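**Student:** Contents of entry00.txt (compact mmCIF, N, CA and C atoms):
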```
# COMPACT_ATOMS: atom_id res chain seq x y z
N MET A 1 37.81 -69.39 9.57
CA MET A 1 37.73 -68.34 10.55
C MET A 1 39.08 -68.24 11.21
N SER A 2 39.64 -67.05 11.26
CA SER A 2 40.95 -66.82 11.84
C SER A 2 40.84 -65.96 13.10
N ILE A 3 41.25 -66.53 14.22
CA ILE A 3 41.23 -65.77 15.47
C ILE A 3 42.29 -64.68 15.46
N SER A 4 43.49 -64.99 14.98
CA SER A 4 44.56 -63.98 14.99
C SER A 4 44.23 -62.79 14.09
N LYS A 5 43.49 -63.03 13.02
CA LYS A 5 43.12 -61.94 12.10
C LYS A 5 41.74 -61.35 12.42
N GLN A 6 40.98 -62.01 13.32
CA GLN A 6 39.62 -61.58 13.66
C GLN A 6 38.79 -61.40 12.40
N ARG A 7 38.80 -62.45 11.58
CA ARG A 7 38.06 -62.46 10.32
C ARG A 7 37.36 -63.79 10.12
N VAL A 8 36.18 -63.73 9.54
CA VAL A 8 35.46 -64.91 9.07
C VAL A 8 35.57 -64.89 7.56
N TYR A 9 36.00 -66.00 7.00
CA TYR A 9 36.14 -66.12 5.56
C TYR A 9 35.13 -67.13 5.04
N ILE A 10 34.25 -66.69 4.16
CA ILE A 10 33.30 -67.58 3.51
C ILE A 10 33.94 -68.02 2.20
N LYS A 11 34.00 -69.34 2.01
CA LYS A 11 34.67 -69.87 0.82
C LYS A 11 33.71 -70.66 -0.05
N SER A 12 34.00 -70.66 -1.32
CA SER A 12 33.38 -71.55 -2.29
C SER A 12 34.54 -72.35 -2.87
N GLY A 13 34.65 -73.61 -2.45
CA GLY A 13 35.85 -74.38 -2.79
C GLY A 13 37.03 -73.77 -2.06
N ASP A 14 38.08 -73.42 -2.79
CA ASP A 14 39.25 -72.79 -2.19
C ASP A 14 39.24 -71.27 -2.31
N LYS A 15 38.21 -70.72 -2.94
CA LYS A 15 38.15 -69.28 -3.20
C LYS A 15 37.34 -68.56 -2.11
N VAL A 16 37.94 -67.51 -1.54
CA VAL A 16 37.23 -66.67 -0.56
C VAL A 16 36.26 -65.78 -1.32
N ILE A 17 34.98 -65.84 -0.95
CA ILE A 17 33.96 -65.04 -1.63
C ILE A 17 33.38 -63.93 -0.75
N TYR A 18 33.67 -63.97 0.56
CA TYR A 18 33.12 -62.97 1.48
C TYR A 18 34.02 -62.97 2.71
N THR A 19 34.44 -61.81 3.16
CA THR A 19 35.24 -61.67 4.37
C THR A 19 34.50 -60.77 5.35
N MET A 20 34.41 -61.21 6.61
CA MET A 20 33.71 -60.47 7.64
C MET A 20 34.64 -60.17 8.81
N LEU A 21 34.62 -58.94 9.30
CA LEU A 21 35.31 -58.58 10.53
C LEU A 21 34.53 -59.19 11.68
N CYS A 22 35.23 -59.70 12.69
CA CYS A 22 34.52 -60.34 13.80
C CYS A 22 35.21 -60.03 15.12
N SER A 23 34.59 -60.46 16.20
CA SER A 23 35.19 -60.48 17.53
C SER A 23 35.01 -61.88 18.07
N THR A 24 36.11 -62.45 18.54
CA THR A 24 36.06 -63.79 19.11
C THR A 24 36.25 -63.71 20.62
N GLY A 25 36.35 -64.86 21.25
CA GLY A 25 36.48 -64.91 22.70
C GLY A 25 37.75 -64.30 23.23
N THR A 26 37.68 -63.82 24.46
CA THR A 26 38.85 -63.26 25.12
C THR A 26 39.80 -64.39 25.49
N VAL A 27 40.96 -64.02 26.01
CA VAL A 27 41.93 -65.02 26.46
C VAL A 27 41.33 -65.88 27.57
N PHE A 28 40.47 -65.30 28.39
CA PHE A 28 39.86 -66.01 29.52
C PHE A 28 38.63 -66.83 29.12
N THR A 29 37.99 -66.46 28.01
CA THR A 29 36.81 -67.18 27.51
C THR A 29 36.99 -67.41 26.01
N PRO A 30 37.94 -68.27 25.64
CA PRO A 30 38.32 -68.40 24.23
C PRO A 30 37.26 -69.06 23.34
N THR A 31 37.34 -68.70 22.07
CA THR A 31 36.56 -69.38 21.04
C THR A 31 37.27 -70.70 20.76
N PRO A 32 36.53 -71.80 20.71
CA PRO A 32 37.18 -73.10 20.48
C PRO A 32 37.78 -73.20 19.08
N LEU A 33 38.94 -73.83 19.01
CA LEU A 33 39.60 -74.10 17.74
C LEU A 33 39.17 -75.48 17.25
N GLY A 34 39.14 -75.65 15.93
CA GLY A 34 38.85 -76.97 15.38
C GLY A 34 37.88 -76.92 14.23
N ASN A 35 37.42 -78.11 13.87
CA ASN A 35 36.47 -78.27 12.77
C ASN A 35 35.09 -78.58 13.34
N PHE A 36 34.11 -77.83 12.91
CA PHE A 36 32.74 -77.95 13.39
C PHE A 36 31.79 -77.90 12.20
N ARG A 37 30.51 -77.90 12.47
CA ARG A 37 29.49 -77.73 11.43
C ARG A 37 28.39 -76.84 11.99
N ILE A 38 27.75 -76.09 11.10
CA ILE A 38 26.61 -75.29 11.52
C ILE A 38 25.53 -76.26 12.01
N GLN A 39 25.03 -75.99 13.20
CA GLN A 39 24.03 -76.87 13.82
C GLN A 39 22.62 -76.31 13.63
N GLN A 40 21.64 -77.08 14.07
CA GLN A 40 20.24 -76.72 13.84
C GLN A 40 19.80 -75.49 14.62
N GLU A 41 20.40 -75.23 15.76
CA GLU A 41 19.95 -74.13 16.61
C GLU A 41 20.23 -72.79 15.95
N LYS A 42 19.17 -72.00 15.82
CA LYS A 42 19.28 -70.67 15.23
C LYS A 42 18.08 -69.85 15.67
N GLY A 43 18.18 -68.55 15.52
CA GLY A 43 17.05 -67.71 15.86
C GLY A 43 17.33 -66.25 15.55
N SER A 44 16.27 -65.47 15.53
CA SER A 44 16.42 -64.06 15.19
C SER A 44 16.91 -63.23 16.38
N ALA A 45 16.67 -63.69 17.62
CA ALA A 45 17.14 -62.93 18.79
C ALA A 45 17.18 -63.81 20.02
N PHE A 46 18.04 -63.44 20.96
CA PHE A 46 18.05 -64.05 22.29
C PHE A 46 18.38 -62.94 23.28
N SER A 47 18.66 -63.28 24.51
CA SER A 47 18.82 -62.24 25.53
C SER A 47 20.01 -61.32 25.33
N GLY A 48 20.98 -61.72 24.48
CA GLY A 48 22.17 -60.89 24.35
C GLY A 48 22.51 -60.39 22.97
N ALA A 49 21.91 -60.95 21.92
CA ALA A 49 22.25 -60.55 20.55
C ALA A 49 21.15 -61.02 19.62
N ALA A 50 21.42 -60.95 18.32
CA ALA A 50 20.41 -61.33 17.33
C ALA A 50 21.05 -62.12 16.19
N TYR A 51 20.19 -62.71 15.39
CA TYR A 51 20.57 -63.46 14.19
C TYR A 51 21.71 -64.45 14.47
N TYR A 52 21.38 -65.45 15.27
CA TYR A 52 22.40 -66.40 15.68
C TYR A 52 22.27 -67.75 14.99
N ARG A 53 23.41 -68.38 14.79
CA ARG A 53 23.54 -69.74 14.27
C ARG A 53 24.54 -70.46 15.16
N SER A 54 24.21 -71.65 15.61
CA SER A 54 25.09 -72.44 16.46
C SER A 54 26.13 -73.19 15.63
N PHE A 55 27.36 -73.30 16.18
CA PHE A 55 28.36 -74.12 15.52
C PHE A 55 28.99 -75.16 16.46
N LYS A 56 28.73 -75.07 17.77
CA LYS A 56 29.28 -76.06 18.70
C LYS A 56 28.41 -76.14 19.95
N ASP A 57 28.24 -77.34 20.42
CA ASP A 57 27.51 -77.63 21.66
C ASP A 57 26.06 -77.16 21.64
N HIS A 58 25.46 -77.16 20.49
CA HIS A 58 24.02 -76.93 20.31
C HIS A 58 23.49 -75.72 21.08
N GLY A 59 23.99 -74.56 20.70
CA GLY A 59 23.50 -73.31 21.27
C GLY A 59 24.45 -72.65 22.24
N VAL A 60 25.57 -73.30 22.56
CA VAL A 60 26.55 -72.70 23.47
C VAL A 60 27.48 -71.76 22.72
N TYR A 61 27.99 -72.21 21.58
CA TYR A 61 28.89 -71.39 20.76
C TYR A 61 28.18 -71.01 19.48
N LEU A 62 28.12 -69.70 19.25
CA LEU A 62 27.29 -69.16 18.17
C LEU A 62 28.06 -68.16 17.30
N PHE A 63 27.58 -67.98 16.09
CA PHE A 63 27.85 -66.80 15.29
C PHE A 63 26.64 -65.91 15.55
N HIS A 64 26.84 -64.62 15.84
CA HIS A 64 25.71 -63.72 16.08
C HIS A 64 26.14 -62.27 15.93
N THR A 65 25.19 -61.36 16.01
CA THR A 65 25.48 -59.93 15.94
C THR A 65 26.28 -59.48 17.15
N VAL A 66 26.76 -58.24 17.08
CA VAL A 66 27.28 -57.61 18.29
C VAL A 66 26.13 -57.58 19.30
N PRO A 67 26.43 -57.48 20.58
CA PRO A 67 25.35 -57.51 21.57
C PRO A 67 24.32 -56.40 21.39
N THR A 68 23.12 -56.70 21.85
CA THR A 68 22.04 -55.72 21.83
C THR A 68 22.00 -54.99 23.17
N SER A 69 21.49 -53.78 23.16
CA SER A 69 21.37 -53.03 24.40
C SER A 69 20.03 -53.29 25.09
N ILE A 70 19.11 -53.95 24.38
CA ILE A 70 17.82 -54.36 24.95
C ILE A 70 17.66 -55.85 24.64
N ALA A 71 17.42 -56.65 25.67
CA ALA A 71 17.29 -58.10 25.49
C ALA A 71 16.19 -58.43 24.49
N TRP A 72 16.43 -59.44 23.67
CA TRP A 72 15.51 -59.98 22.69
C TRP A 72 15.19 -59.00 21.55
N SER A 73 15.99 -57.96 21.40
CA SER A 73 15.77 -56.99 20.34
C SER A 73 16.50 -57.39 19.06
N THR A 74 15.97 -57.00 17.93
CA THR A 74 16.67 -57.19 16.66
C THR A 74 17.06 -55.85 16.04
N ASN A 75 16.96 -54.78 16.82
CA ASN A 75 17.33 -53.47 16.25
C ASN A 75 17.92 -52.48 17.25
N SER A 76 18.35 -52.92 18.43
CA SER A 76 18.94 -52.00 19.41
C SER A 76 20.35 -52.48 19.76
N PHE A 77 21.27 -52.35 18.81
CA PHE A 77 22.60 -52.89 18.99
C PHE A 77 23.49 -51.91 19.73
N SER A 78 24.41 -52.44 20.51
CA SER A 78 25.30 -51.62 21.33
C SER A 78 26.46 -51.08 20.48
N SER A 79 26.52 -49.76 20.32
CA SER A 79 27.61 -49.16 19.55
C SER A 79 28.95 -49.36 20.26
N VAL A 80 28.94 -49.39 21.58
CA VAL A 80 30.17 -49.64 22.34
C VAL A 80 30.72 -51.02 21.98
N GLU A 81 29.85 -52.02 21.94
CA GLU A 81 30.28 -53.38 21.58
C GLU A 81 30.64 -53.48 20.11
N GLY A 82 29.94 -52.74 19.28
CA GLY A 82 30.23 -52.74 17.85
C GLY A 82 31.63 -52.24 17.55
N LYS A 83 32.11 -51.29 18.34
CA LYS A 83 33.46 -50.75 18.15
C LYS A 83 34.54 -51.76 18.52
N LYS A 84 34.16 -52.86 19.17
CA LYS A 84 35.12 -53.90 19.54
C LYS A 84 35.35 -54.92 18.41
N LEU A 85 34.60 -54.81 17.32
CA LEU A 85 34.83 -55.73 16.21
C LEU A 85 36.28 -55.60 15.77
N GLY A 86 36.92 -56.74 15.52
CA GLY A 86 38.32 -56.75 15.16
C GLY A 86 39.24 -57.05 16.33
N GLN A 87 38.65 -57.22 17.52
CA GLN A 87 39.43 -57.58 18.70
C GLN A 87 38.67 -58.60 19.53
N ARG A 88 39.39 -59.32 20.35
CA ARG A 88 38.75 -60.33 21.20
C ARG A 88 37.85 -59.65 22.23
N ALA A 89 36.59 -60.04 22.27
CA ALA A 89 35.66 -59.36 23.17
C ALA A 89 34.53 -60.25 23.68
N SER A 90 34.37 -61.44 23.15
CA SER A 90 33.19 -62.25 23.50
C SER A 90 33.51 -63.27 24.59
N HIS A 91 32.49 -64.05 24.92
CA HIS A 91 32.64 -65.15 25.87
C HIS A 91 32.89 -66.46 25.14
N GLY A 92 33.30 -66.39 23.89
CA GLY A 92 33.59 -67.59 23.10
C GLY A 92 32.83 -67.64 21.78
N CYS A 93 31.75 -66.88 21.70
CA CYS A 93 31.00 -66.81 20.44
C CYS A 93 31.76 -65.96 19.43
N ILE A 94 31.27 -65.96 18.21
CA ILE A 94 31.85 -65.15 17.15
C ILE A 94 30.85 -64.05 16.82
N ARG A 95 31.21 -62.83 17.19
CA ARG A 95 30.35 -61.67 16.95
C ARG A 95 30.63 -61.10 15.57
N LEU A 96 29.56 -60.68 14.92
CA LEU A 96 29.66 -60.10 13.59
C LEU A 96 28.92 -58.77 13.54
N ALA A 97 29.28 -57.92 12.59
CA ALA A 97 28.51 -56.71 12.33
C ALA A 97 27.09 -57.13 11.97
N VAL A 98 26.13 -56.28 12.23
CA VAL A 98 24.72 -56.63 12.01
C VAL A 98 24.45 -57.10 10.58
N PRO A 99 24.88 -56.38 9.53
CA PRO A 99 24.60 -56.87 8.17
C PRO A 99 25.25 -58.23 7.89
N ASP A 100 26.47 -58.43 8.42
CA ASP A 100 27.14 -59.71 8.21
C ASP A 100 26.43 -60.84 8.94
N ALA A 101 25.99 -60.59 10.16
CA ALA A 101 25.27 -61.61 10.93
C ALA A 101 23.96 -61.99 10.24
N LYS A 102 23.26 -61.00 9.70
CA LYS A 102 22.02 -61.28 8.96
C LYS A 102 22.32 -62.12 7.72
N TRP A 103 23.38 -61.75 6.99
CA TRP A 103 23.76 -62.52 5.80
C TRP A 103 24.08 -63.95 6.19
N PHE A 104 24.87 -64.12 7.25
CA PHE A 104 25.27 -65.44 7.72
C PHE A 104 24.03 -66.24 8.13
N TYR A 105 23.14 -65.62 8.86
CA TYR A 105 21.92 -66.27 9.34
C TYR A 105 21.09 -66.82 8.17
N TYR A 106 20.94 -66.03 7.14
CA TYR A 106 20.08 -66.43 6.02
C TYR A 106 20.78 -67.29 4.97
N ASN A 107 22.10 -67.31 4.93
CA ASN A 107 22.81 -67.97 3.85
C ASN A 107 23.66 -69.18 4.24
N MET A 108 23.87 -69.42 5.52
CA MET A 108 24.68 -70.57 5.93
C MET A 108 23.76 -71.72 6.33
N PRO A 109 23.63 -72.70 5.46
CA PRO A 109 22.71 -73.80 5.76
C PRO A 109 23.24 -74.74 6.85
N TYR A 110 22.33 -75.45 7.44
CA TYR A 110 22.63 -76.50 8.40
C TYR A 110 23.69 -77.43 7.81
N ASN A 111 24.65 -77.81 8.63
CA ASN A 111 25.71 -78.76 8.29
C ASN A 111 26.86 -78.16 7.49
N THR A 112 26.86 -76.85 7.25
CA THR A 112 27.99 -76.20 6.57
C THR A 112 29.23 -76.35 7.43
N PRO A 113 30.36 -76.77 6.86
CA PRO A 113 31.59 -76.89 7.65
C PRO A 113 32.10 -75.54 8.16
N VAL A 114 32.63 -75.56 9.38
CA VAL A 114 33.23 -74.39 10.02
C VAL A 114 34.62 -74.79 10.50
N LYS A 115 35.63 -74.07 10.08
CA LYS A 115 37.00 -74.34 10.53
C LYS A 115 37.52 -73.11 11.25
N ILE A 116 37.90 -73.27 12.52
CA ILE A 116 38.40 -72.16 13.31
C ILE A 116 39.86 -72.43 13.64
N VAL A 117 40.71 -71.49 13.19
CA VAL A 117 42.15 -71.60 13.41
C VAL A 117 42.63 -70.40 14.20
N ASN A 118 43.79 -70.56 14.79
CA ASN A 118 44.38 -69.45 15.52
C ASN A 118 44.91 -68.45 14.51
```
Can you give me the file's structure in the form of structure tokens?
**Tutor:**
Amino acid sequence: MSISKQRVYIKSGDKVIYTMLCSTGTVFTPTPLGNFRIQQEKGSAFSGAAYYRSFKDHGVYLFHTVPTSIAWSTNSFSSVEGKKLGQRASHGCIRLAVPDAKWFYYNMPYNTPVKIVN
């Protein structure tokens, strides 16, 4: 995952097999850099977004959809927030387009390595 490029790269070995546009944390609420693993915490929705997977601090830092306009919804996404993909906009989580977040939710198993670089 590259903060400077605002991209999530899914790899198989050294080969990139899927690239996702994302939004990471702002300068004031940065996304943590380092090596992590996908954690057990996941769910289809919470008060601010949907299709989330935790990667740090057990539910504090997540991969998830762009924010929803209705809490706990899985189908009312904010188009205003969606237009921010590709720029820093979150409180530290990694926001993804809805189809990418769903793919990530269903295909990234527990304990998958996550590397976040600047």
**Student:** For stretch 63-76 of chain A, please output as a PDB file with N, CA and C atoms, in the frame of the given file all residues within 8 Å (counting only N, CA and C atoms; exclusion window: fewer than 5 positions along the same chain).
**Tutor:**
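Just written: selection.pdb:
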```pdb
ATOM      1  N   SER A  44      16.270 -65.470  15.530  1.00  0.00           N
ATOM      2  CA  SER A  44      16.420 -64.060  15.190  1.00  0.00           C
ATOM      3  C   SER A  44      16.910 -63.230  16.380  1.00  0.00           C
ATOM      4  N   ALA A  45      16.670 -63.690  17.620  1.00  0.00           N
ATOM      5  CA  ALA A  45      17.140 -62.930  18.790  1.00  0.00           C
ATOM      6  C   ALA A  45      17.180 -63.810  20.020  1.00  0.00           C
ATOM      7  N   PHE A  46      18.040 -63.440  20.960  1.00  0.00           N
ATOM      8  CA  PHE A  46      18.050 -64.050  22.290  1.00  0.00           C
ATOM      9  C   PHE A  46      18.380 -62.940  23.280  1.00  0.00           C
ATOM     10  N   SER A  47      18.660 -63.280  24.510  1.00  0.00           N
ATOM     11  CA  SER A  47      18.820 -62.240  25.530  1.00  0.00           C
ATOM     12  C   SER A  47      20.010 -61.320  25.330  1.00  0.00           C
ATOM     13  N   GLY A  48      20.980 -61.720  24.480  1.00  0.00           N
ATOM     14  CA  GLY A  48      22.170 -60.890  24.350  1.00  0.00           C
ATOM     15  C   GLY A  48      22.510 -60.390  22.970  1.00  0.00           C
ATOM     16  N   ALA A  49      21.910 -60.950  21.920  1.00  0.00           N
ATOM     17  CA  ALA A  49      22.250 -60.550  20.550  1.00  0.00           C
ATOM     18  C   ALA A  49      21.150 -61.020  19.620  1.00  0.00           C
ATOM     19  N   ALA A  50      21.420 -60.950  18.320  1.00  0.00           N
ATOM     20  CA  ALA A  50      20.410 -61.330  17.330  1.00  0.00           C
ATOM     21  C   ALA A  50      21.050 -62.120  16.190  1.00  0.00           C
ATOM     22  N   TYR A  51      20.190 -62.710  15.390  1.00  0.00           N
ATOM     23  CA  TYR A  51      20.570 -63.460  14.190  1.00  0.00           C
ATOM     24  C   TYR A  51      21.710 -64.450  14.470  1.00  0.00           C
ATOM     25  N   TYR A  52      21.380 -65.450  15.270  1.00  0.00           N
ATOM     26  CA  TYR A  52      22.400 -66.400  15.680  1.00  0.00           C
ATOM     27  C   TYR A  52      22.270 -67.750  14.990  1.00  0.00           C
ATOM     28  N   ARG A  53      23.410 -68.380  14.790  1.00  0.00           N
ATOM     29  CA  ARG A  53      23.540 -69.740  14.270  1.00  0.00           C
ATOM     30  C   ARG A  53      24.540 -70.460  15.160  1.00  0.00           C
ATOM     31  N   SER A  54      24.210 -71.650  15.610  1.00  0.00           N
ATOM     32  CA  SER A  54      25.090 -72.440  16.460  1.00  0.00           C
ATOM     33  C   SER A  54      26.130 -73.190  15.630  1.00  0.00           C
ATOM     34  N   PHE A  55      27.360 -73.300  16.180  1.00  0.00           N
ATOM     35  CA  PHE A  55      28.360 -74.120  15.520  1.00  0.00           C
ATOM     36  C   PHE A  55      28.990 -75.160  16.460  1.00  0.00           C
ATOM     37  N   LYS A  56      28.730 -75.070  17.770  1.00  0.00           N
ATOM     38  CA  LYS A  56      29.280 -76.060  18.700  1.00  0.00           C
ATOM     39  C   LYS A  56      28.410 -76.140  19.950  1.00  0.00           C
ATOM     40  N   GLU A  81      29.850 -52.020  21.940  1.00  0.00           N
ATOM     41  CA  GLU A  81      30.280 -53.380  21.580  1.00  0.00           C
ATOM     42  C   GLU A  81      30.640 -53.480  20.110  1.00  0.00           C
ATOM     43  N   GLY A  82      29.940 -52.740  19.280  1.00  0.00           N
ATOM     44  CA  GLY A  82      30.230 -52.740  17.850  1.00  0.00           C
ATOM     45  C   GLY A  82      31.630 -52.240  17.550  1.00  0.00           C
ATOM     46  N   LYS A  83      32.110 -51.290  18.340  1.00  0.00           N
ATOM     47  CA  LYS A  83      33.460 -50.750  18.150  1.00  0.00           C
ATOM     48  C   LYS A  83      34.540 -51.760  18.520  1.00  0.00           C
ATOM     49  N   LEU A  85      34.600 -54.810  17.320  1.00  0.00           N
ATOM     50  CA  LEU A  85      34.830 -55.730  16.210  1.00  0.00           C
ATOM     51  C   LEU A  85      36.280 -55.600  15.770  1.00  0.00           C
ATOM     52  N   GLY A  92      33.300 -66.390  23.890  1.00  0.00           N
ATOM     53  CA  GLY A  92      33.590 -67.590  23.100  1.00  0.00           C
ATOM     54  C   GLY A  92      32.830 -67.640  21.780  1.00  0.00           C
ATOM     55  N   CYS A  93      31.750 -66.880  21.700  1.00  0.00           N
ATOM     56  CA  CYS A  93      31.000 -66.810  20.440  1.00  0.00           C
ATOM     57  C   CYS A  93      31.760 -65.960  19.430  1.00  0.00           C
ATOM     58  N   ILE A  94      31.270 -65.960  18.210  1.00  0.00           N
ATOM     59  CA  ILE A  94      31.850 -65.150  17.150  1.00  0.00           C
ATOM     60  C   ILE A  94      30.850 -64.050  16.820  1.00  0.00           C
ATOM     61  N   ARG A  95      31.210 -62.830  17.190  1.00  0.00           N
ATOM     62  CA  ARG A  95      30.350 -61.670  16.950  1.00  0.00           C
ATOM     63  C   ARG A  95      30.630 -61.100  15.570  1.00  0.00           C
ATOM     64  N   LEU A  96      29.560 -60.680  14.920  1.00  0.00           N
ATOM     65  CA  LEU A  96      29.660 -60.100  13.590  1.00  0.00           C
ATOM     66  C   LEU A  96      28.920 -58.770  13.540  1.00  0.00           C
ATOM     67  N   ALA A  97      29.280 -57.920  12.590  1.00  0.00           N
ATOM     68  CA  ALA A  97      28.510 -56.710  12.330  1.00  0.00           C
ATOM     69  C   ALA A  97      27.090 -57.130  11.970  1.00  0.00           C
ATOM     70  N   VAL A  98      26.130 -56.280  12.230  1.00  0.00           N
ATOM     71  CA  VAL A  98      24.720 -56.630  12.010  1.00  0.00           C
ATOM     72  C   VAL A  98      24.450 -57.100  10.580  1.00  0.00           C
ATOM     73  N   PRO A  99      24.880 -56.380   9.530  1.00  0.00           N
ATOM     74  CA  PRO A  99      24.600 -56.870   8.170  1.00  0.00           C
ATOM     75  C   PRO A  99      25.250 -58.230   7.890  1.00  0.00           C
ATOM     76  N   ASP A 100      26.470 -58.430   8.420  1.00  0.00           N
ATOM     77  CA  ASP A 100      27.140 -59.710   8.210  1.00  0.00           C
ATOM     78  C   ASP A 100      26.430 -60.840   8.940  1.00  0.00           C
ATOM     79  N   ALA A 101      25.990 -60.590  10.160  1.00  0.00           N
ATOM     80  CA  ALA A 101      25.270 -61.610  10.930  1.00  0.00           C
ATOM     81  C   ALA A 101      23.960 -61.990  10.240  1.00  0.00           C
ATOM     82  N   LYS A 102      23.260 -61.000   9.700  1.00  0.00           N
ATOM     83  CA  LYS A 102      22.020 -61.280   8.960  1.00  0.00           C
ATOM     84  C   LYS A 102      22.320 -62.120   7.720  1.00  0.00           C
ATOM     85  N   PHE A 104      24.870 -64.120   7.250  1.00  0.00           N
ATOM     86  CA  PHE A 104      25.270 -65.440   7.720  1.00  0.00           C
ATOM     87  C   PHE A 104      24.030 -66.240   8.130  1.00  0.00           C
ATOM     88  N   TYR A 105      23.140 -65.620   8.860  1.00  0.00           N
ATOM     89  CA  TYR A 105      21.920 -66.270   9.340  1.00  0.00           C
ATOM     90  C   TYR A 105      21.090 -66.820   8.170  1.00  0.00           C
TER      91      TYR A 105
END
```
**Student:** Figure out the distance between atom CA of A:Gln6 and atom N of A:Gly25, please, to one decimal in Å.
**Tutor:**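 It comes out at 8.9 Å.
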**Student:** At a cut-off of 8 Å, using all atoms listed in the file, what residues contact A:Gln87? Leave out same-chain residues fewer than 2 positions from it and give the result as a count of residues only.
**Tutor:** 14
**Student:** Between atom C of A:Ile17 and atom C of A:Val80, what is the spacing in Å?
**Tutor:**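 If I compute the distance from atom C of A:Val80 to atom C of A:Ile17, I get 26.3 Å.
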**Student:** Skipping near chain neighbours, those fewer than 6 positions away, what residues fall within 7 Å of stretch 115-117 of chain A using all atoms listed in the file, listed as an MDAnalysis selection string?
**Tutor:** chainID A and resid 1:4 32:37
